[in-house]
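Chemist: This is the structure, below, for whatever I ask next.
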Amino acid sequence: MTDRLVELGGVPALGSVYARTVLSSGRLGVQRRLGRAPAPAAGGGAVLHVGGVRVDATRLTDYQHLVGEPASDVLPAGFVHAITFPVAMALMSSADFPLPPLGMVHLSNHVTQSRGVRVGDELDVRAWARDVRPHRSGTQVDLVAQVRVDGDVVWTGVSTYLAKGVTAREQPGGATDDEREPFVAPVPTGRWQLAANTGRRYAAVSGDRNPIHLSALAAKAFGFPRAIAHGMYTAARALADVGAARGEAYVWTVEFAKPVLLPSSPSVRVAPDGDGFAYTAWRPGSSGPHLTGRVDPLR
């Protein structure tokens with residue numbers, strides 16, 4: 001991690017961050033068309049920092065109700081992600097971020113929650129980018145968000161994003177993504193009923209108002225026939241389905257494959273697997289899943 005720490009006055013408003021994202025993507029696009037933008041490379045950059053973050057208990061309750069979590073003063077890992085997301089987005093929209101952020105595809109998340117984070121905790125949030133590397137469809141990068149309480153790291157989330165069609169400088173080992181195994185639908189344990197307004201409802205509790213989740217018109221501009229569900233909403237539903245068996249400390253991973261169009265009713269399997277739980281969501285009859293992942297308690 002670089003030593004260049006950038007202090008923010010508070011958690012950024014996502015509306016203004018999205019506006020800067022559009023401007024940043026336009027700037028990089030013009031530079032590339034003119035041949036003035038260097039190929040993205042791995043390396044340092046800013047570490048954004050916001051201290052003294054407090055949790056809104058009403059917002060937490062609304063989030064828990066929406067995704068199916070029980071009422072508790074312990075924050076689900078997905079809610080912590082929602083708190084850190086504006087800081088990570090501010091990093092993506094900054095001038096020295098090496099990739100055009102508009103239209104980036106969310107590939108996966110890897111979250112480690114080492115202890116329960118509670119409503120009364122004062123959170124110290126940091127975010128930085130790392131490991132720009134080739135992908136068969138462009139270039140991928142990790143955005144790392146970290147939460148500390150009383151100086152201890154209690155939550156770390158690594159979100160991997162893809163910039164399609166952007167060529168990175170060659171990195172040792174080349175592209176690291178592998179071809180997926182053919183999908184065989186498992187025996188479902190349930191089914192989610194996702195209404196047309198699911199994106200708007202999740203936006204209200206998470207703050208993520210990306211237009212592709214809010215209206216069919218905006219989604220069509222990006223090539224989708226209808227609005228799509230937030231990936232982190234579907235992952236949070238799976239985490240909630242695991243329930244109390246995960247404990248307060250766990251590792252939670254998810255890989256996103258196909259977007260969930262709204263409305264829809266995907267099939268879901270959430271079941272014990274080894275020392276943890278595996279989950280899959282898919283559209284019946286589809287050749288691939290919407291998402292797959294695991295929840296592994298930290299003993």
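Numbering starts fresh at 1 for the residues of each chain in the structure tokens, the chains themselves are lettered A, B, ... in the order given, and ligands are numbered from 1 as they appear.
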Considering only C-alpha atoms, return as a PDB file with all heavy atoms, in the first residue's frame whatever protein or nucleic-acid residues lie within 9 Å of A:Gly10, sequence-local ones (same chain, fewer than 5 positions apart) excluded.

Modeler:
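Contents of part_13.pdb, freshly written:
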ATOM      1  N   HIS A  49      -9.105   8.226   3.096  1.00  0.00           N
ATOM      2  CA  HIS A  49      -9.380   7.933   4.504  1.00  0.00           C
ATOM      3  C   HIS A  49     -10.503   8.828   5.031  1.00  0.00           C
ATOM      4  O   HIS A  49     -10.502  10.037   4.800  1.00  0.00           O
ATOM      5  CB  HIS A  49      -8.120   8.148   5.353  1.00  0.00           C
ATOM      6  CG  HIS A  49      -8.360   8.037   6.827  1.00  0.00           C
ATOM      7  ND1 HIS A  49      -8.271   9.104   7.684  1.00  0.00           N
ATOM      8  CD2 HIS A  49      -8.707   6.971   7.584  1.00  0.00           C
ATOM      9  CE1 HIS A  49      -8.535   8.703   8.919  1.00  0.00           C
ATOM     10  NE2 HIS A  49      -8.806   7.414   8.875  1.00  0.00           N
ATOM     11  N   VAL A  50     -11.458   8.196   5.719  1.00  0.00           N
ATOM     12  CA  VAL A  50     -12.516   8.925   6.422  1.00  0.00           C
ATOM     13  C   VAL A  50     -12.574   8.371   7.839  1.00  0.00           C
ATOM     14  O   VAL A  50     -12.783   7.161   8.036  1.00  0.00           O
ATOM     15  CB  VAL A  50     -13.892   8.762   5.753  1.00  0.00           C
ATOM     16  CG1 VAL A  50     -14.941   9.581   6.505  1.00  0.00           C
ATOM     17  CG2 VAL A  50     -13.846   9.179   4.294  1.00  0.00           C
ATOM     18  N   GLY A  51     -12.388   9.227   8.821  1.00  0.00           N
ATOM     19  CA  GLY A  51     -12.451   8.802  10.216  1.00  0.00           C
ATOM     20  C   GLY A  51     -13.758   9.204  10.877  1.00  0.00           C
ATOM     21  O   GLY A  51     -14.508  10.048  10.380  1.00  0.00           O
ATOM     22  N   GLY A  52     -14.049   8.570  12.007  1.00  0.00           N
ATOM     23  CA  GLY A  52     -15.215   8.945  12.810  1.00  0.00           C
ATOM     24  C   GLY A  52     -16.552   8.661  12.174  1.00  0.00           C
ATOM     25  O   GLY A  52     -17.522   9.393  12.409  1.00  0.00           O
ATOM     26  N   VAL A  53     -16.656   7.600  11.368  1.00  0.00           N
ATOM     27  CA  VAL A  53     -17.921   7.280  10.695  1.00  0.00           C
ATOM     28  C   VAL A  53     -18.851   6.568  11.677  1.00  0.00           C
ATOM     29  O   VAL A  53     -18.464   5.593  12.326  1.00  0.00           O
ATOM     30  CB  VAL A  53     -17.678   6.386   9.458  1.00  0.00           C
ATOM     31  CG1 VAL A  53     -18.999   6.006   8.794  1.00  0.00           C
ATOM     32  CG2 VAL A  53     -16.761   7.102   8.470  1.00  0.00           C
TER      33      VAL A  53
END

Chemist: Find the residues near stretch 216-218 of chain A: any atom within 7 Å, counting only C-alpha atoms, skip ones fewer than 6 places away on the same chain, and give them as a list in words.

Modeler: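 The contact residues come out as Pro225, Arg226 and Ala227 of chain A.
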
Chemist: Excluding same-chain residues fewer than 3 positions from A:Gly243, what lies within 10 Å of it counting only C-alpha atoms, as a list in words?

Modeler: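 In the requested format, the answer is Gly68, Glu69, Pro70, Ala238, Leu239, Ala240, Arg246 and Gly247 of chain A.
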
Chemist: Take the residues that were just selected and, keeping all heavy atoms, output them as a PDB file, in the first residue's frame.

Modeler:
ATOM      1  N   GLY A  68     -33.382  -9.475   4.329  1.00  0.00           N
ATOM      2  CA  GLY A  68     -33.771 -10.664   5.077  1.00  0.00           C
ATOM      3  C   GLY A  68     -32.894 -10.981   6.270  1.00  0.00           C
ATOM      4  O   GLY A  68     -32.911 -12.109   6.767  1.00  0.00           O
ATOM      5  N   GLU A  69     -32.123  -9.994   6.739  1.00  0.00           N
ATOM      6  CA  GLU A  69     -31.328 -10.184   7.945  1.00  0.00           C
ATOM      7  C   GLU A  69     -32.191  -9.941   9.186  1.00  0.00           C
ATOM      8  O   GLU A  69     -33.104  -9.116   9.169  1.00  0.00           O
ATOM      9  CB  GLU A  69     -30.144  -9.205   7.970  1.00  0.00           C
ATOM     10  CG  GLU A  69     -29.077  -9.471   6.936  1.00  0.00           C
ATOM     11  CD  GLU A  69     -28.112 -10.574   7.376  1.00  0.00           C
ATOM     12  OE1 GLU A  69     -28.305 -11.137   8.485  1.00  0.00           O
ATOM     13  OE2 GLU A  69     -27.177 -10.870   6.607  1.00  0.00           O
ATOM     14  N   PRO A  70     -31.921 -10.649  10.292  1.00  0.00           N
ATOM     15  CA  PRO A  70     -32.671 -10.397  11.524  1.00  0.00           C
ATOM     16  C   PRO A  70     -32.289  -9.051  12.125  1.00  0.00           C
ATOM     17  O   PRO A  70     -31.186  -8.535  11.888  1.00  0.00           O
ATOM     18  CB  PRO A  70     -32.248 -11.552  12.441  1.00  0.00           C
ATOM     19  CG  PRO A  70     -30.885 -11.928  11.953  1.00  0.00           C
ATOM     20  CD  PRO A  70     -30.915 -11.725  10.462  1.00  0.00           C
ATOM     21  N   ALA A 238     -28.003 -13.842  -0.255  1.00  0.00           N
ATOM     22  CA  ALA A 238     -27.412 -15.154   0.001  1.00  0.00           C
ATOM     23  C   ALA A 238     -26.773 -15.204   1.386  1.00  0.00           C
ATOM     24  O   ALA A 238     -26.909 -16.198   2.115  1.00  0.00           O
ATOM     25  CB  ALA A 238     -26.388 -15.488  -1.078  1.00  0.00           C
ATOM     26  N   LEU A 239     -26.078 -14.136   1.772  1.00  0.00           N
ATOM     27  CA  LEU A 239     -25.471 -14.073   3.102  1.00  0.00           C
ATOM     28  C   LEU A 239     -26.540 -14.170   4.182  1.00  0.00           C
ATOM     29  O   LEU A 239     -26.372 -14.877   5.182  1.00  0.00           O
ATOM     30  CB  LEU A 239     -24.682 -12.774   3.246  1.00  0.00           C
ATOM     31  CG  LEU A 239     -23.967 -12.554   4.580  1.00  0.00           C
ATOM     32  CD1 LEU A 239     -22.867 -13.582   4.791  1.00  0.00           C
ATOM     33  CD2 LEU A 239     -23.393 -11.132   4.649  1.00  0.00           C
ATOM     34  N   ALA A 240     -27.660 -13.484   3.977  1.00  0.00           N
ATOM     35  CA  ALA A 240     -28.762 -13.545   4.935  1.00  0.00           C
ATOM     36  C   ALA A 240     -29.355 -14.940   5.004  1.00  0.00           C
ATOM     37  O   ALA A 240     -29.762 -15.408   6.077  1.00  0.00           O
ATOM     38  CB  ALA A 240     -29.833 -12.524   4.563  1.00  0.00           C
ATOM     39  N   ARG A 246     -23.339 -18.557  10.488  1.00  0.00           N
ATOM     40  CA  ARG A 246     -22.049 -17.999  10.056  1.00  0.00           C
ATOM     41  C   ARG A 246     -21.289 -17.378  11.216  1.00  0.00           C
ATOM     42  O   ARG A 246     -20.077 -17.142  11.112  1.00  0.00           O
ATOM     43  CB  ARG A 246     -22.279 -16.942   8.971  1.00  0.00           C
ATOM     44  CG  ARG A 246     -22.961 -15.685   9.484  1.00  0.00           C
ATOM     45  CD  ARG A 246     -23.394 -14.742   8.403  1.00  0.00           C
ATOM     46  NE  ARG A 246     -23.919 -13.501   8.943  1.00  0.00           N
ATOM     47  CZ  ARG A 246     -25.026 -12.908   8.524  1.00  0.00           C
ATOM     48  NH1 ARG A 246     -25.728 -13.446   7.547  1.00  0.00           N
ATOM     49  NH2 ARG A 246     -25.433 -11.781   9.063  1.00  0.00           N
ATOM     50  N   GLY A 247     -21.973 -17.047  12.322  1.00  0.00           N
ATOM     51  CA  GLY A 247     -21.336 -16.354  13.433  1.00  0.00           C
ATOM     52  C   GLY A 247     -21.134 -14.880  13.131  1.00  0.00           C
ATOM     53  O   GLY A 247     -21.675 -14.340  12.161  1.00  0.00           O
TER      54      GLY A 247
END

Chemist: Between A:Leu60, A:Leu8, A:Val119, A:Leu107, which is the closest to A:Asp73 once you count only C-alpha atoms?

Modeler: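 Closest candidate: A:Val119.
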
Chemist: Can you pull out every residue within 12 Å of A:Gly274, counting only C-alpha atoms, but drop anything in the same chain fewer than 5 positions away, and send it as a list in words?

Modeler: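 These residues fall inside the cut-off: Arg294, Val295, Asp296 and Pro297 of chain A.
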
Chemist: Just the selected residues (N, CA and C atoms), exported as a PDB file, in the first residue's frame, please.

Modeler:
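As written to disk, part.pdb reads:
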ATOM      1  N   ARG A 294     -19.339 -18.331  -1.276  1.00  0.00           N
ATOM      2  CA  ARG A 294     -19.206 -19.097  -0.044  1.00  0.00           C
ATOM      3  C   ARG A 294     -19.260 -18.162   1.160  1.00  0.00           C
ATOM      4  N   VAL A 295     -19.611 -18.749   2.300  1.00  0.00           N
ATOM      5  CA  VAL A 295     -19.504 -18.104   3.602  1.00  0.00           C
ATOM      6  C   VAL A 295     -18.819 -19.109   4.513  1.00  0.00           C
ATOM      7  N   ASP A 296     -17.648 -18.738   5.052  1.00  0.00           N
ATOM      8  CA  ASP A 296     -16.875 -19.636   5.897  1.00  0.00           C
ATOM      9  C   ASP A 296     -16.639 -18.982   7.251  1.00  0.00           C
ATOM     10  N   PRO A 297     -17.248 -19.496   8.320  1.00  0.00           N
ATOM     11  CA  PRO A 297     -17.030 -18.941   9.655  1.00  0.00           C
ATOM     12  C   PRO A 297     -15.563 -18.964  10.057  1.00  0.00           C
TER      13      PRO A 297
END

Chemist: Which of stretch 59-280 of chain A end up as strand (DSSP E) when DSSP is run on this backbone - answer as an MDAnalysis selection string?

Modeler: chainID A and resid 105:113 123:135 138:149 152:164 190:191 250:256 267:273 276:280

Chemist: Check the smallest atom-to-atom distance from each of A:Ala88, A:Ile212, A:Ala195, A:Leu99 to A:Val144 using only C-alpha atoms, then report the winner.

Modeler: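 Residue with the minimum atom-to-atom distance to A:Val144: A:Ala88.
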
Chemist: So, counting only C-alpha atoms, which residue among A:Val67, A:Leu5, A:Leu102, A:Val166 is closest to A:Arg201?

Modeler: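 Result for the nearest residue to A:Arg201: A:Val67.
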
Chemist: So how far away is atom CA of A:Ser94 from atom CA of A:Phe79, in Å?

Modeler: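 Going from atom CA of A:Phe79 over to atom CA of A:Ser94, I get 24.1 Å.
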
Chemist: Restricting the calculation to only C-alpha atoms: of A:Ala90, A:Ala204, A:Met232, A:Val111, which residue gets closest to A:Trp128?

Modeler: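 Closest to A:Trp128 of all the choices is A:Ala90.
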
Chemist: Which of stretch 21-245 of chain A end up as alpha helix (DSSP H) when DSSP is run on this backbone - answer as a ChimeraX atom specification?

Modeler: /A:21-33,57-67,77-92,198-206,216-221,231-242

Chemist: Taking only C-alpha atoms into account, which of A:Asp62, A:Asp96, A:Asp124, A:Asp241 comes nearest A:Ala145?

Modeler: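 Answer, going by the shortest atom-to-atom distance: A:Asp124.
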
Chemist: Can you work out which one of A:Ala13, A:Ala236, A:Val105, A:Val6 has the shortest atom-to-atom distance to A:Arg209, counting only C-alpha atoms?

Modeler: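 Nearest candidate to A:Arg209 out of A:Ala13, A:Ala236, A:Val105, A:Val6: A:Ala13.
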
Chemist: As a list in words, please: the residues near stretch 288-290 of chain A (cut-off 8 Å, only C-alpha atoms, same-chain neighbours under 5 positions excluded).

Modeler: Pro182, Phe183, Val184, Ala185, Phe256, Ala257, Lys258, Pro259, Val260, Thr280, Ala281, Trp282 and Arg283 of chain A

Chemist: Could you write those residues out with N, CA, C and O atoms, as a PDB file, in the first residue's frame?

Modeler:
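Ended up saving to part.pdb:
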ATOM      1  N   PRO A 182     -18.396 -25.930 -17.123  1.00  0.00           N
ATOM      2  CA  PRO A 182     -19.803 -25.920 -17.561  1.00  0.00           C
ATOM      3  C   PRO A 182     -20.746 -25.927 -16.360  1.00  0.00           C
ATOM      4  O   PRO A 182     -20.503 -26.630 -15.369  1.00  0.00           O
ATOM      5  N   PHE A 183     -21.798 -25.142 -16.444  1.00  0.00           N
ATOM      6  CA  PHE A 183     -22.716 -24.990 -15.316  1.00  0.00           C
ATOM      7  C   PHE A 183     -23.743 -26.113 -15.310  1.00  0.00           C
ATOM      8  O   PHE A 183     -24.394 -26.382 -16.322  1.00  0.00           O
ATOM      9  N   VAL A 184     -23.863 -26.766 -14.166  1.00  0.00           N
ATOM     10  CA  VAL A 184     -24.906 -27.761 -13.934  1.00  0.00           C
ATOM     11  C   VAL A 184     -25.737 -27.259 -12.754  1.00  0.00           C
ATOM     12  O   VAL A 184     -25.220 -27.114 -11.639  1.00  0.00           O
ATOM     13  N   ALA A 185     -26.992 -26.957 -13.000  1.00  0.00           N
ATOM     14  CA  ALA A 185     -27.837 -26.391 -11.957  1.00  0.00           C
ATOM     15  C   ALA A 185     -27.982 -27.376 -10.798  1.00  0.00           C
ATOM     16  O   ALA A 185     -28.307 -28.540 -10.999  1.00  0.00           O
ATOM     17  N   PHE A 256     -19.664 -12.821  -9.583  1.00  0.00           N
ATOM     18  CA  PHE A 256     -20.834 -12.438 -10.372  1.00  0.00           C
ATOM     19  C   PHE A 256     -20.638 -12.907 -11.810  1.00  0.00           C
ATOM     20  O   PHE A 256     -19.583 -12.696 -12.404  1.00  0.00           O
ATOM     21  N   ALA A 257     -21.672 -13.546 -12.359  1.00  0.00           N
ATOM     22  CA  ALA A 257     -21.573 -14.084 -13.717  1.00  0.00           C
ATOM     23  C   ALA A 257     -22.559 -13.414 -14.661  1.00  0.00           C
ATOM     24  O   ALA A 257     -22.161 -12.751 -15.619  1.00  0.00           O
ATOM     25  N   LYS A 258     -23.847 -13.575 -14.406  1.00  0.00           N
ATOM     26  CA  LYS A 258     -24.872 -12.995 -15.271  1.00  0.00           C
ATOM     27  C   LYS A 258     -25.758 -12.055 -14.455  1.00  0.00           C
ATOM     28  O   LYS A 258     -26.154 -12.393 -13.342  1.00  0.00           O
ATOM     29  N   PRO A 259     -26.089 -10.880 -14.979  1.00  0.00           N
ATOM     30  CA  PRO A 259     -26.934  -9.952 -14.224  1.00  0.00           C
ATOM     31  C   PRO A 259     -28.338 -10.506 -14.008  1.00  0.00           C
ATOM     32  O   PRO A 259     -28.840 -11.307 -14.798  1.00  0.00           O
ATOM     33  N   VAL A 260     -28.952 -10.066 -12.929  1.00  0.00           N
ATOM     34  CA  VAL A 260     -30.315 -10.453 -12.597  1.00  0.00           C
ATOM     35  C   VAL A 260     -31.249  -9.358 -13.098  1.00  0.00           C
ATOM     36  O   VAL A 260     -31.244  -8.236 -12.565  1.00  0.00           O
ATOM     37  N   THR A 280     -25.512 -20.555  -4.662  1.00  0.00           N
ATOM     38  CA  THR A 280     -25.623 -20.315  -6.095  1.00  0.00           C
ATOM     39  C   THR A 280     -27.007 -19.759  -6.371  1.00  0.00           C
ATOM     40  O   THR A 280     -27.990 -20.196  -5.763  1.00  0.00           O
ATOM     41  N   ALA A 281     -27.095 -18.795  -7.275  1.00  0.00           N
ATOM     42  CA  ALA A 281     -28.394 -18.296  -7.753  1.00  0.00           C
ATOM     43  C   ALA A 281     -28.376 -18.335  -9.272  1.00  0.00           C
ATOM     44  O   ALA A 281     -27.370 -17.978  -9.894  1.00  0.00           O
ATOM     45  N   TRP A 282     -29.484 -18.774  -9.876  1.00  0.00           N
ATOM     46  CA  TRP A 282     -29.533 -18.915 -11.328  1.00  0.00           C
ATOM     47  C   TRP A 282     -30.970 -18.814 -11.823  1.00  0.00           C
ATOM     48  O   TRP A 282     -31.927 -18.984 -11.065  1.00  0.00           O
ATOM     49  N   ARG A 283     -31.118 -18.506 -13.084  1.00  0.00           N
ATOM     50  CA  ARG A 283     -32.438 -18.513 -13.718  1.00  0.00           C
ATOM     51  C   ARG A 283     -32.714 -19.919 -14.227  1.00  0.00           C
ATOM     52  O   ARG A 283     -31.884 -20.490 -14.941  1.00  0.00           O
TER      53      ARG A 283
END
